[in-house]
>>> print(open('protein_17.txt').read())   # compact mmCIF, C-alpha atoms and all ligand atoms
# COMPACT_ATOMS: atom_id res chain seq x y z
CA MET Y 1 -0.18 13.13 20.24
CA SER Y 2 -1.04 10.40 17.87
CA PHE Y 3 -0.15 6.72 18.13
CA ILE Y 4 1.26 5.23 14.93
CA VAL Y 5 1.54 1.61 13.89
CA ALA Y 6 3.50 1.09 10.65
CA ILE Y 7 2.96 -2.10 8.65
CA ASP Y 8 5.30 -2.54 5.70
CA GLY Y 9 5.91 -5.48 3.40
CA PRO Y 10 5.63 -6.78 -0.17
CA ALA Y 11 2.50 -7.14 -2.31
CA GLY Y 12 0.22 -9.96 -1.17
CA ALA Y 13 1.71 -10.47 2.31
CA GLY Y 14 -1.74 -9.77 3.77
CA LYS Y 15 -1.15 -6.18 4.87
CA GLY Y 16 -4.59 -5.01 3.69
CA THR Y 17 -6.60 -7.70 5.44
CA ILE Y 18 -4.53 -7.66 8.62
CA THR Y 19 -4.40 -3.88 8.93
CA LYS Y 20 -8.16 -3.61 8.55
CA LEU Y 21 -8.87 -6.27 11.21
CA VAL Y 22 -6.28 -5.03 13.72
CA GLY Y 23 -7.51 -1.44 13.18
CA GLU Y 24 -11.11 -2.46 13.90
CA LYS Y 25 -10.17 -4.42 17.03
CA LEU Y 26 -7.95 -1.71 18.52
CA GLY Y 27 -9.85 1.35 17.31
CA LEU Y 28 -7.06 2.60 15.05
CA VAL Y 29 -7.78 4.45 11.79
CA ASN Y 30 -6.69 2.26 8.92
CA ILE Y 31 -4.71 3.98 6.15
CA ASP Y 32 -3.71 2.17 2.96
CA THR Y 33 -0.90 4.21 1.39
CA GLY Y 34 -0.69 1.94 -1.69
CA ALA Y 35 -4.14 3.30 -2.59
CA THR Y 36 -2.71 6.84 -2.82
CA PHE Y 37 -0.12 5.65 -5.39
CA ARG Y 38 -2.89 3.79 -7.21
CA CYS Y 39 -4.97 7.00 -7.37
CA VAL Y 40 -2.07 8.87 -8.97
CA ALA Y 41 -1.49 6.03 -11.46
CA LEU Y 42 -5.21 5.97 -12.35
CA ASN Y 43 -5.31 9.73 -12.82
CA MET Y 44 -2.30 9.54 -15.15
CA LEU Y 45 -3.93 6.77 -17.18
CA GLN Y 46 -7.19 8.70 -17.43
CA GLU Y 47 -5.41 11.86 -18.56
CA LYS Y 48 -2.95 9.93 -20.75
CA ILE Y 49 0.08 11.33 -18.93
CA ASP Y 50 3.37 9.52 -19.46
CA VAL Y 51 5.89 8.94 -16.62
CA LYS Y 52 8.34 11.20 -18.51
CA GLU Y 53 6.02 14.21 -18.66
CA GLU Y 54 7.16 15.90 -15.48
CA ASN Y 55 5.35 19.21 -16.07
CA ARG Y 56 2.02 17.54 -16.66
CA ILE Y 57 2.54 15.27 -13.63
CA GLU Y 58 3.28 18.29 -11.46
CA GLU Y 59 0.20 20.11 -12.70
CA MET Y 60 -1.92 17.00 -12.05
CA LEU Y 61 -0.49 16.55 -8.54
CA ASN Y 62 -1.34 20.18 -7.71
CA ARG Y 63 -5.02 19.45 -8.31
CA LEU Y 64 -4.95 15.97 -6.74
CA HIS Y 65 -7.51 15.42 -4.02
CA ILE Y 66 -7.78 12.04 -2.30
CA ASP Y 67 -10.41 11.20 0.32
CA MET Y 68 -10.32 7.97 2.33
CA TYR Y 69 -13.37 7.02 4.37
CA PRO Y 70 -13.57 4.66 7.37
CA ASN Y 71 -15.85 2.35 5.30
CA GLY Y 72 -12.92 1.75 2.91
CA LYS Y 73 -14.22 3.92 0.07
CA ILE Y 74 -11.62 5.95 -1.79
CA TYR Y 75 -12.45 9.08 -3.76
CA LEU Y 76 -10.20 10.70 -6.33
CA ASN Y 77 -11.09 14.30 -7.18
CA GLY Y 78 -14.64 13.72 -5.94
CA LYS Y 79 -15.24 10.38 -7.73
CA ASP Y 80 -15.49 6.93 -6.15
CA VAL Y 81 -12.49 4.95 -7.50
CA THR Y 82 -12.49 2.16 -4.87
CA LYS Y 83 -12.82 -0.58 -7.52
CA LYS Y 84 -11.05 1.09 -10.41
CA ILE Y 85 -7.72 1.43 -8.59
CA ARG Y 86 -7.54 -2.40 -8.19
CA GLU Y 87 -7.89 -3.16 -11.90
CA LYS Y 88 -5.14 -4.67 -14.03
CA ASP Y 89 -4.18 -1.51 -15.92
CA VAL Y 90 -3.49 0.24 -12.61
CA ASN Y 91 -1.67 -2.83 -11.17
CA ASP Y 92 0.68 -2.75 -14.15
CA PHE Y 93 1.28 1.00 -14.12
CA VAL Y 94 1.56 1.74 -10.39
CA SER Y 95 5.16 0.55 -9.83
CA PRO Y 96 6.74 2.82 -12.48
CA VAL Y 97 4.66 5.69 -11.08
CA ALA Y 98 5.74 4.94 -7.49
CA VAL Y 99 9.42 5.38 -8.39
CA LEU Y 100 8.93 9.02 -9.47
CA PRO Y 101 10.45 11.42 -6.89
CA ILE Y 102 7.86 14.11 -7.67
CA VAL Y 103 5.04 11.65 -6.90
CA ARG Y 104 6.67 10.28 -3.73
CA ASN Y 105 7.31 13.79 -2.36
CA LYS Y 106 3.73 14.85 -2.89
CA LEU Y 107 2.28 11.66 -1.42
CA LEU Y 108 4.58 11.84 1.59
CA GLU Y 109 2.88 15.13 2.42
CA VAL Y 110 -0.57 13.67 1.76
CA GLN Y 111 0.09 10.58 3.92
CA ARG Y 112 1.45 12.55 6.88
CA LYS Y 113 -1.50 14.88 6.71
CA ILE Y 114 -4.06 12.05 6.66
CA ALA Y 115 -2.56 10.69 9.91
CA GLU Y 116 -2.34 14.06 11.69
CA GLY Y 117 -3.72 13.96 15.23
CA LYS Y 118 -5.13 10.43 14.87
CA ASP Y 119 -4.24 6.99 16.21
CA VAL Y 120 -3.51 5.09 13.03
CA ILE Y 121 -2.40 1.79 11.56
CA MET Y 122 -0.78 2.64 8.24
CA GLU Y 123 0.28 0.09 5.64
CA GLY Y 124 2.72 0.49 2.77
CA ARG Y 125 6.33 -0.07 1.77
CA ASP Y 126 8.20 2.77 3.47
CA ILE Y 127 6.06 3.78 6.44
CA GLY Y 128 8.55 2.69 9.12
CA THR Y 129 11.58 3.85 7.13
CA VAL Y 130 10.48 7.16 5.57
CA VAL Y 131 6.92 8.33 6.27
CA PHE Y 132 6.98 7.79 10.05
CA PRO Y 133 10.51 6.78 11.10
CA ASN Y 134 9.44 7.45 14.70
CA ALA Y 135 6.33 5.26 14.56
CA ASP Y 136 5.40 3.73 17.93
CA VAL Y 137 5.23 0.20 16.49
CA LYS Y 138 6.86 -1.05 13.28
CA ILE Y 139 6.05 -4.37 11.70
CA TYR Y 140 7.45 -5.92 8.53
CA LEU Y 141 4.90 -8.43 7.26
CA ASP Y 142 6.29 -10.95 4.80
CA ALA Y 143 5.37 -14.28 3.15
CA ALA Y 144 6.92 -16.50 0.49
CA ALA Y 145 6.18 -15.26 -3.06
CA GLU Y 146 4.46 -18.56 -3.96
CA GLU Y 147 2.08 -18.26 -1.01
CA ARG Y 148 1.37 -14.62 -1.82
CA ALA Y 149 0.52 -15.58 -5.42
CA ARG Y 150 -1.76 -18.38 -4.20
CA ARG Y 151 -3.64 -15.93 -1.96
CA ARG Y 152 -3.96 -13.35 -4.74
CA VAL Y 153 -5.45 -15.95 -7.14
CA LEU Y 154 -8.02 -16.95 -4.47
CA GLN Y 155 -8.82 -13.28 -3.84
CA ASN Y 156 -9.35 -12.77 -7.57
CA GLN Y 157 -11.62 -15.83 -7.74
CA GLU Y 158 -13.76 -14.39 -4.96
CA LYS Y 159 -14.07 -11.17 -6.95
CA GLY Y 160 -14.95 -13.11 -10.10
CA ILE Y 161 -11.66 -12.22 -11.79
CA LYS Y 162 -9.95 -15.06 -13.70
CA SER Y 163 -6.17 -15.24 -13.30
CA SER Y 164 -3.49 -17.87 -13.76
CA TYR Y 165 -1.16 -18.74 -10.88
CA GLU Y 166 1.96 -18.45 -13.07
CA GLU Y 167 0.98 -15.02 -14.34
CA VAL Y 168 0.19 -13.74 -10.85
CA LEU Y 169 3.45 -15.17 -9.44
CA LYS Y 170 5.45 -13.46 -12.18
CA GLY Y 171 3.61 -10.17 -11.54
CA ILE Y 172 4.38 -10.40 -7.82
CA LYS Y 173 8.06 -11.17 -8.38
CA ASP Y 174 8.41 -8.31 -10.91
CA ARG Y 175 6.74 -5.87 -8.53
CA ASP Y 176 8.90 -7.04 -5.57
CA LYS Y 177 11.99 -6.43 -7.62
CA ARG Y 178 10.95 -2.98 -8.76
CA ASP Y 179 9.73 -1.94 -5.29
CA SER Y 180 12.85 -3.12 -3.47
CA THR Y 181 15.51 -1.93 -5.93
CA ARG Y 182 14.23 1.58 -6.61
CA GLU Y 183 16.43 4.44 -5.51
CA ILE Y 184 14.00 6.40 -3.38
CA ALA Y 185 12.28 4.81 -0.39
CA PRO Y 186 12.77 1.18 -1.48
CA LEU Y 187 10.87 -1.63 0.18
CA LYS Y 188 13.01 -2.81 3.07
CA LYS Y 189 12.63 -3.74 6.69
CA ALA Y 190 13.34 -0.86 9.08
CA GLU Y 191 16.11 -1.84 11.47
CA ASP Y 192 13.78 -1.58 14.44
CA ALA Y 193 10.80 -3.28 12.78
CA ILE Y 194 9.55 -6.63 14.03
CA TYR Y 195 9.60 -9.28 11.28
CA VAL Y 196 6.44 -11.35 10.96
CA ASP Y 197 6.36 -14.19 8.42
CA SER Y 198 2.75 -15.06 7.56
CA THR Y 199 3.52 -17.93 5.12
CA ASN Y 200 2.27 -20.65 7.46
CA LEU Y 201 -0.09 -18.61 9.62
CA SER Y 202 -3.84 -18.07 9.31
CA VAL Y 203 -5.28 -14.56 9.19
CA GLU Y 204 -6.47 -14.96 12.81
CA GLU Y 205 -3.00 -16.03 13.93
CA VAL Y 206 -1.33 -13.03 12.29
CA VAL Y 207 -3.94 -10.66 13.77
CA GLU Y 208 -3.38 -12.13 17.26
CA LYS Y 209 0.37 -11.86 16.91
CA ILE Y 210 0.29 -8.24 15.77
CA ILE Y 211 -2.23 -7.21 18.43
CA GLY Y 212 0.10 -8.80 21.00
CA ILE Y 213 3.06 -6.77 19.68
CA ILE Y 214 1.06 -3.52 19.73
CA LYS Y 215 -0.30 -4.10 23.25
CA GLU Y 216 3.18 -4.70 24.53
CA LYS Y 217 4.32 -1.31 23.19
CA LYS Y 218 1.25 0.69 24.29
O1 LIG Y 301 0.13 -2.12 -1.61
P1 LIG Y 301 -0.26 -1.90 -3.06
O2 LIG Y 301 -0.08 -3.10 -3.93
O3 LIG Y 301 -1.64 -1.31 -3.19
O4 LIG Y 301 0.78 -0.78 -3.59
C1 LIG Y 301 0.73 -0.30 -4.89
C2 LIG Y 301 2.11 0.18 -5.35
O5 LIG Y 301 2.49 1.35 -4.65
C3 LIG Y 301 3.24 -0.83 -5.16
O6 LIG Y 301 3.81 -1.12 -6.42
C4 LIG Y 301 4.26 -0.15 -4.32
C5 LIG Y 301 3.80 1.26 -4.18
N1 LIG Y 301 3.84 1.75 -2.81
C6 LIG Y 301 4.96 2.44 -2.40
O7 LIG Y 301 5.88 2.60 -3.19
N2 LIG Y 301 5.03 2.96 -1.15
C7 LIG Y 301 4.02 2.77 -0.28
N3 LIG Y 301 4.10 3.29 0.95
C8 LIG Y 301 2.88 2.03 -0.67
C9 LIG Y 301 2.83 1.52 -1.95
>>> encode(input="protein_17.txt", output="structure tokens", more="lines below")
Ligand code: DC
Amino acid sequence: MSFIVAIDGPAGAGKGTITKLVGEKLGLVNIDTGATFRCVALNMLQEKIDVKEENRIEEMLNRLHIDMYPNGKIYLNGKDVTKKIREKDVNDFVSPVAVLPIVRNKLLEVQRKIAEGKDVIMEGRDIGTVVFPNADVKIYLDAAAEERARRRVLQNQEKGIKSSYEEVLKGIKDRDKRDSTREIAPLKKAEDAIYVDSTNLSVEEVVEKIIGIIKEKK
């Protein structure tokens, strides 16, 4: 029997950082489901497949092979795409790709399979609502859009990527809207998820809080 912690929430709420740290501290395998959508988006860009070309998407999904390693490396069809899936062209294309039922169905299978038989902490948008509705612990991690934009700009600076606050804030708001209003598996808090607002908390404080919640349930 596996133990499953679901962490859902909008872009930039800190899910990636927090999930990684909590996973390391509690010995849970960390799974970033956003990366699976990013891999599909990248593959479509590389093969010049449009969101309307259902047959080509289906054919591509049938050959899709994603590997995620404990060191954080992500391979798409045998190639290291860890950096490529975070680039702007993928950021801009991933939301329209993530609304496609054919993509969501395939990735649901992939995500459940990755977690099989393991104790995991899985982050995404619909983990507690759709992927693992019976997860042992469900957390909805949120923060004000302005704070999320501020964090993303700092993150970009650290990576040597120049970005303007206004542009990033607009991108975040657009993505929030698309992710939470789509028909299938929209971003929303599961009824039984615990709401954590990280706007005024440090990374350490959020990690402590979430570890406390998990320990209580274990
Ligand atoms: O967390 P992220 O920014 O890497 O996610 C990339 C996109 O994938 C985002 O626009 C929402 C989508 N996504 C999703 O629809 N369902 C998930 N479980 C995870 C991500």
>>> closest_atom_pairs(input="protein_17.txt", of="chain Y", to="ligand LIG 301 (chain Y)", cutoff="8 Å", atoms="all atoms listed in the file", output="Markdown table")
| residue | atom | partner | partner_atom | distance |
| --- | --- | --- | --- | --- |
| Y:Asp8 | CA | Y:LIG301 | N3 | 7.6 |
| Y:Pro10 | CA | Y:LIG301 | O1 | 7.4 |
| Y:Ala11 | CA | Y:LIG301 | O2 | 5.1 |
| Y:Gly12 | CA | Y:LIG301 | O2 | 7.4 |
| Y:Lys15 | CA | Y:LIG301 | O1 | 7.8 |
| Y:Gly16 | CA | Y:LIG301 | O1 | 7.7 |
| Y:Asp32 | CA | Y:LIG301 | O1 | 7.4 |
| Y:Thr33 | CA | Y:LIG301 | C8 | 4.8 |
| Y:Gly34 | CA | Y:LIG301 | C9 | 3.6 |
| Y:Ala35 | CA | Y:LIG301 | O3 | 5.3 |
| Y:Thr36 | CA | Y:LIG301 | C8 | 7.7 |
| Y:Phe37 | CA | Y:LIG301 | O5 | 5.1 |
| Y:Arg38 | CA | Y:LIG301 | C1 | 5.9 |
| Y:Arg86 | CA | Y:LIG301 | O3 | 7.8 |
| Y:Asn91 | CA | Y:LIG301 | C1 | 7.2 |
| Y:Val94 | CA | Y:LIG301 | C2 | 5.3 |
| Y:Ser95 | CA | Y:LIG301 | O6 | 4.0 |
| Y:Pro96 | CA | Y:LIG301 | O6 | 7.8 |
| Y:Ala98 | CA | Y:LIG301 | O7 | 4.9 |
| Y:Val99 | CA | Y:LIG301 | O7 | 6.9 |
| Y:Arg104 | CA | Y:LIG301 | O7 | 7.7 |
| Y:Glu123 | CA | Y:LIG301 | N3 | 6.8 |
| Y:Gly124 | CA | Y:LIG301 | N3 | 3.6 |
| Y:Arg125 | CA | Y:LIG301 | N3 | 4.1 |
| Y:Asp126 | CA | Y:LIG301 | N3 | 4.8 |
| Y:Ile127 | CA | Y:LIG301 | N3 | 5.8 |
| Y:Val131 | CA | Y:LIG301 | N3 | 7.9 |
| Y:Arg175 | CA | Y:LIG301 | O6 | 6.0 |
| Y:Asp176 | CA | Y:LIG301 | O6 | 7.9 |
| Y:Arg178 | CA | Y:LIG301 | O6 | 7.7 |
| Y:Asp179 | CA | Y:LIG301 | C4 | 5.8 |
| Y:Ala185 | CA | Y:LIG301 | O7 | 7.3 |
| Y:Pro186 | CA | Y:LIG301 | O7 | 7.2 |
| Y:Leu187 | CA | Y:LIG301 | O7 | 7.4 |
>>> write_last_selection(input="protein_17.txt", atoms="C-alpha atoms", output="PDB file, in the coordinates of the input")
ATOM      1  CA  ASP Y   8       5.300  -2.540   5.700  1.00  0.00           C
ATOM      2  CA  PRO Y  10       5.630  -6.780  -0.170  1.00  0.00           C
ATOM      3  CA  ALA Y  11       2.500  -7.140  -2.310  1.00  0.00           C
ATOM      4  CA  GLY Y  12       0.220  -9.960  -1.170  1.00  0.00           C
ATOM      5  CA  LYS Y  15      -1.150  -6.180   4.870  1.00  0.00           C
ATOM      6  CA  GLY Y  16      -4.590  -5.010   3.690  1.00  0.00           C
ATOM      7  CA  ASP Y  32      -3.710   2.170   2.960  1.00  0.00           C
ATOM      8  CA  THR Y  33      -0.900   4.210   1.390  1.00  0.00           C
ATOM      9  CA  GLY Y  34      -0.690   1.940  -1.690  1.00  0.00           C
ATOM     10  CA  ALA Y  35      -4.140   3.300  -2.590  1.00  0.00           C
ATOM     11  CA  THR Y  36      -2.710   6.840  -2.820  1.00  0.00           C
ATOM     12  CA  PHE Y  37      -0.120   5.650  -5.390  1.00  0.00           C
ATOM     13  CA  ARG Y  38      -2.890   3.790  -7.210  1.00  0.00           C
ATOM     14  CA  ARG Y  86      -7.540  -2.400  -8.190  1.00  0.00           C
ATOM     15  CA  ASN Y  91      -1.670  -2.830 -11.170  1.00  0.00           C
ATOM     16  CA  VAL Y  94       1.560   1.740 -10.390  1.00  0.00           C
ATOM     17  CA  SER Y  95       5.160   0.550  -9.830  1.00  0.00           C
ATOM     18  CA  PRO Y  96       6.740   2.820 -12.480  1.00  0.00           C
ATOM     19  CA  ALA Y  98       5.740   4.940  -7.490  1.00  0.00           C
ATOM     20  CA  VAL Y  99       9.420   5.380  -8.390  1.00  0.00           C
ATOM     21  CA  ARG Y 104       6.670  10.280  -3.730  1.00  0.00           C
ATOM     22  CA  GLU Y 123       0.280   0.090   5.640  1.00  0.00           C
ATOM     23  CA  GLY Y 124       2.720   0.490   2.770  1.00  0.00           C
ATOM     24  CA  ARG Y 125       6.330  -0.070   1.770  1.00  0.00           C
ATOM     25  CA  ASP Y 126       8.200   2.770   3.470  1.00  0.00           C
ATOM     26  CA  ILE Y 127       6.060   3.780   6.440  1.00  0.00           C
ATOM     27  CA  VAL Y 131       6.920   8.330   6.270  1.00  0.00           C
ATOM     28  CA  ARG Y 175       6.740  -5.870  -8.530  1.00  0.00           C
ATOM     29  CA  ASP Y 176       8.900  -7.040  -5.570  1.00  0.00           C
ATOM     30  CA  ARG Y 178      10.950  -2.980  -8.760  1.00  0.00           C
ATOM     31  CA  ASP Y 179       9.730  -1.940  -5.290  1.00  0.00           C
ATOM     32  CA  ALA Y 185      12.280   4.810  -0.390  1.00  0.00           C
ATOM     33  CA  PRO Y 186      12.770   1.180  -1.480  1.00  0.00           C
ATOM     34  CA  LEU Y 187      10.870  -1.630   0.180  1.00  0.00           C
TER      35      LEU Y 187
END
>>> residues_around(input="protein_17.txt", residues="segment 202-206 of chain Y", least_positions_apart="6", cutoff="12 Å", atoms="only C-alpha atoms", output="list in words")
Ala13, Gly14, Lys15, Gly16, Thr17, Ile18, Thr19, Lys20, Leu21, Val22, Lys25, Ile139, Tyr140, Leu141, Asp142, Ala143, Glu147, Arg151, Tyr195, Val196, Gly212 and Ile213 of chain Y
>>> residues_around(input="protein_17.txt", residues="Asn71 of chain Y", least_positions_apart="2", cutoff="12 Å", atoms="all atoms listed in the file", output="JSON, numbers by chain")
{"Y": [20, 24, 29, 30, 31, 67, 68, 69, 73, 74, 75, 82]}
>>> closest_residue(input="protein_17.txt", among="Y:Ile161, Y:Ile7, Y:Val90, Y:Ile66", to="Gln46 of chain Y", atoms="only C-alpha atoms")
Y:Val90
>>> closest_residue(input="protein_17.txt", among="Y:Gln111, Y:Ser164, Y:Arg148, Y:Val51", to="Val130 of chain Y", atoms="all atoms listed in the file")
Y:Gln111
>>> residues_around(input="protein_17.txt", residues="Glu146 of chain Y", least_positions_apart="4", cutoff="9 Å", atoms="all atoms listed in the file", output="list in words")
Arg150, Arg151, Tyr165 and Leu169 of chain Y
>>> atom_distance(input="protein_17.txt", atom1="atom CA of Val120 of chain Y", atom2="atom CA of Asn62 of chain Y")
25.7 Å
>>> closest_residue(input="protein_17.txt", among="Y:Gly9, Y:Lys170, Y:Asn200, Y:Lys88", to="Lys188 of chain Y", atoms="all atoms listed in the file")
Y:Gly9
>>> decode(input="protein_17.txt", residues="segment 162-188 of chain Y", atoms="N, CA and C atoms", output="PDB file, in the first residue's frame")
ATOM      1  N   LYS Y 162      16.068  37.322 -17.819  1.00  0.00           N
ATOM      2  CA  LYS Y 162      15.502  38.649 -17.549  1.00  0.00           C
ATOM      3  C   LYS Y 162      13.990  38.598 -17.726  1.00  0.00           C
ATOM      4  N   SER Y 163      13.235  39.179 -16.786  1.00  0.00           N
ATOM      5  CA  SER Y 163      11.786  39.224 -16.979  1.00  0.00           C
ATOM      6  C   SER Y 163      11.226  40.425 -16.235  1.00  0.00           C
ATOM      7  N   SER Y 164      10.155  41.015 -16.779  1.00  0.00           N
ATOM      8  CA  SER Y 164       9.577  42.162 -16.090  1.00  0.00           C
ATOM      9  C   SER Y 164       8.454  41.677 -15.176  1.00  0.00           C
ATOM     10  N   TYR Y 165       8.322  42.345 -14.026  1.00  0.00           N
ATOM     11  CA  TYR Y 165       7.299  41.975 -13.043  1.00  0.00           C
ATOM     12  C   TYR Y 165       5.908  41.995 -13.659  1.00  0.00           C
ATOM     13  N   GLU Y 166       5.607  43.073 -14.431  1.00  0.00           N
ATOM     14  CA  GLU Y 166       4.263  43.221 -15.015  1.00  0.00           C
ATOM     15  C   GLU Y 166       3.938  42.077 -15.961  1.00  0.00           C
ATOM     16  N   GLU Y 167       4.961  41.721 -16.775  1.00  0.00           N
ATOM     17  CA  GLU Y 167       4.747  40.651 -17.750  1.00  0.00           C
ATOM     18  C   GLU Y 167       4.503  39.314 -17.042  1.00  0.00           C
ATOM     19  N   VAL Y 168       5.306  39.062 -16.006  1.00  0.00           N
ATOM     20  CA  VAL Y 168       5.177  37.804 -15.268  1.00  0.00           C
ATOM     21  C   VAL Y 168       3.821  37.742 -14.562  1.00  0.00           C
ATOM     22  N   LEU Y 169       3.415  38.884 -13.953  1.00  0.00           N
ATOM     23  CA  LEU Y 169       2.126  38.925 -13.239  1.00  0.00           C
ATOM     24  C   LEU Y 169       0.971  38.646 -14.207  1.00  0.00           C
ATOM     25  N   LYS Y 170       1.064  39.227 -15.385  1.00  0.00           N
ATOM     26  CA  LYS Y 170       0.000  39.006 -16.381  1.00  0.00           C
ATOM     27  C   LYS Y 170      -0.024  37.525 -16.784  1.00  0.00           C
ATOM     28  N   GLY Y 171       1.167  36.963 -17.012  1.00  0.00           N
ATOM     29  CA  GLY Y 171       1.262  35.544 -17.393  1.00  0.00           C
ATOM     30  C   GLY Y 171       0.635  34.658 -16.331  1.00  0.00           C
ATOM     31  N   ILE Y 172       0.913  34.957 -15.066  1.00  0.00           N
ATOM     32  CA  ILE Y 172       0.386  34.164 -13.951  1.00  0.00           C
ATOM     33  C   ILE Y 172      -1.140  34.266 -13.889  1.00  0.00           C
ATOM     34  N   LYS Y 173      -1.640  35.482 -14.050  1.00  0.00           N
ATOM     35  CA  LYS Y 173      -3.098  35.677 -13.974  1.00  0.00           C
ATOM     36  C   LYS Y 173      -3.804  34.973 -15.137  1.00  0.00           C
ATOM     37  N   ASP Y 174      -3.196  35.058 -16.337  1.00  0.00           N
ATOM     38  CA  ASP Y 174      -3.790  34.392 -17.510  1.00  0.00           C
ATOM     39  C   ASP Y 174      -3.837  32.883 -17.290  1.00  0.00           C
ATOM     40  N   ARG Y 175      -2.725  32.353 -16.779  1.00  0.00           N
ATOM     41  CA  ARG Y 175      -2.629  30.902 -16.583  1.00  0.00           C
ATOM     42  C   ARG Y 175      -3.611  30.445 -15.497  1.00  0.00           C
ATOM     43  N   ASP Y 176      -3.727  31.232 -14.407  1.00  0.00           N
ATOM     44  CA  ASP Y 176      -4.693  30.914 -13.335  1.00  0.00           C
ATOM     45  C   ASP Y 176      -6.090  30.794 -13.916  1.00  0.00           C
ATOM     46  N   LYS Y 177      -6.403  31.755 -14.781  1.00  0.00           N
ATOM     47  CA  LYS Y 177      -7.756  31.809 -15.325  1.00  0.00           C
ATOM     48  C   LYS Y 177      -8.019  30.584 -16.188  1.00  0.00           C
ATOM     49  N   ARG Y 178      -7.057  30.294 -17.063  1.00  0.00           N
ATOM     50  CA  ARG Y 178      -7.232  29.149 -17.962  1.00  0.00           C
ATOM     51  C   ARG Y 178      -7.291  27.845 -17.174  1.00  0.00           C
ATOM     52  N   ASP Y 179      -6.399  27.714 -16.171  1.00  0.00           N
ATOM     53  CA  ASP Y 179      -6.337  26.456 -15.403  1.00  0.00           C
ATOM     54  C   ASP Y 179      -7.590  26.252 -14.545  1.00  0.00           C
ATOM     55  N   SER Y 180      -8.172  27.342 -14.048  1.00  0.00           N
ATOM     56  CA  SER Y 180      -9.298  27.154 -13.130  1.00  0.00           C
ATOM     57  C   SER Y 180     -10.662  27.194 -13.817  1.00  0.00           C
ATOM     58  N   THR Y 181     -10.702  27.618 -15.095  1.00  0.00           N
ATOM     59  CA  THR Y 181     -12.007  27.664 -15.764  1.00  0.00           C
ATOM     60  C   THR Y 181     -12.157  26.559 -16.807  1.00  0.00           C
ATOM     61  N   ARG Y 182     -11.127  25.752 -17.006  1.00  0.00           N
ATOM     62  CA  ARG Y 182     -11.272  24.697 -18.025  1.00  0.00           C
ATOM     63  C   ARG Y 182     -12.302  23.663 -17.569  1.00  0.00           C
ATOM     64  N   GLU Y 183     -12.843  22.960 -18.583  1.00  0.00           N
ATOM     65  CA  GLU Y 183     -13.944  22.046 -18.278  1.00  0.00           C
ATOM     66  C   GLU Y 183     -13.487  20.801 -17.523  1.00  0.00           C
ATOM     67  N   ILE Y 184     -12.386  20.221 -17.993  1.00  0.00           N
ATOM     68  CA  ILE Y 184     -11.937  18.973 -17.377  1.00  0.00           C
ATOM     69  C   ILE Y 184     -10.888  19.249 -16.307  1.00  0.00           C
ATOM     70  N   ALA Y 185     -11.090  18.640 -15.149  1.00  0.00           N
ATOM     71  CA  ALA Y 185     -10.117  18.710 -14.055  1.00  0.00           C
ATOM     72  C   ALA Y 185      -9.597  20.125 -13.796  1.00  0.00           C
ATOM     73  N   PRO Y 186     -10.478  21.101 -13.579  1.00  0.00           N
ATOM     74  CA  PRO Y 186      -9.980  22.467 -13.336  1.00  0.00           C
ATOM     75  C   PRO Y 186      -9.242  22.558 -11.997  1.00  0.00           C
ATOM     76  N   LEU Y 187      -8.432  23.612 -11.899  1.00  0.00           N
ATOM     77  CA  LEU Y 187      -7.736  23.855 -10.642  1.00  0.00           C
ATOM     78  C   LEU Y 187      -8.749  24.301  -9.598  1.00  0.00           C
ATOM     79  N   LYS Y 188      -8.936  23.486  -8.586  1.00  0.00           N
ATOM     80  CA  LYS Y 188      -9.784  23.910  -7.459  1.00  0.00           C
ATOM     81  C   LYS Y 188      -9.414  23.110  -6.223  1.00  0.00           C
TER      82      LYS Y 188
END
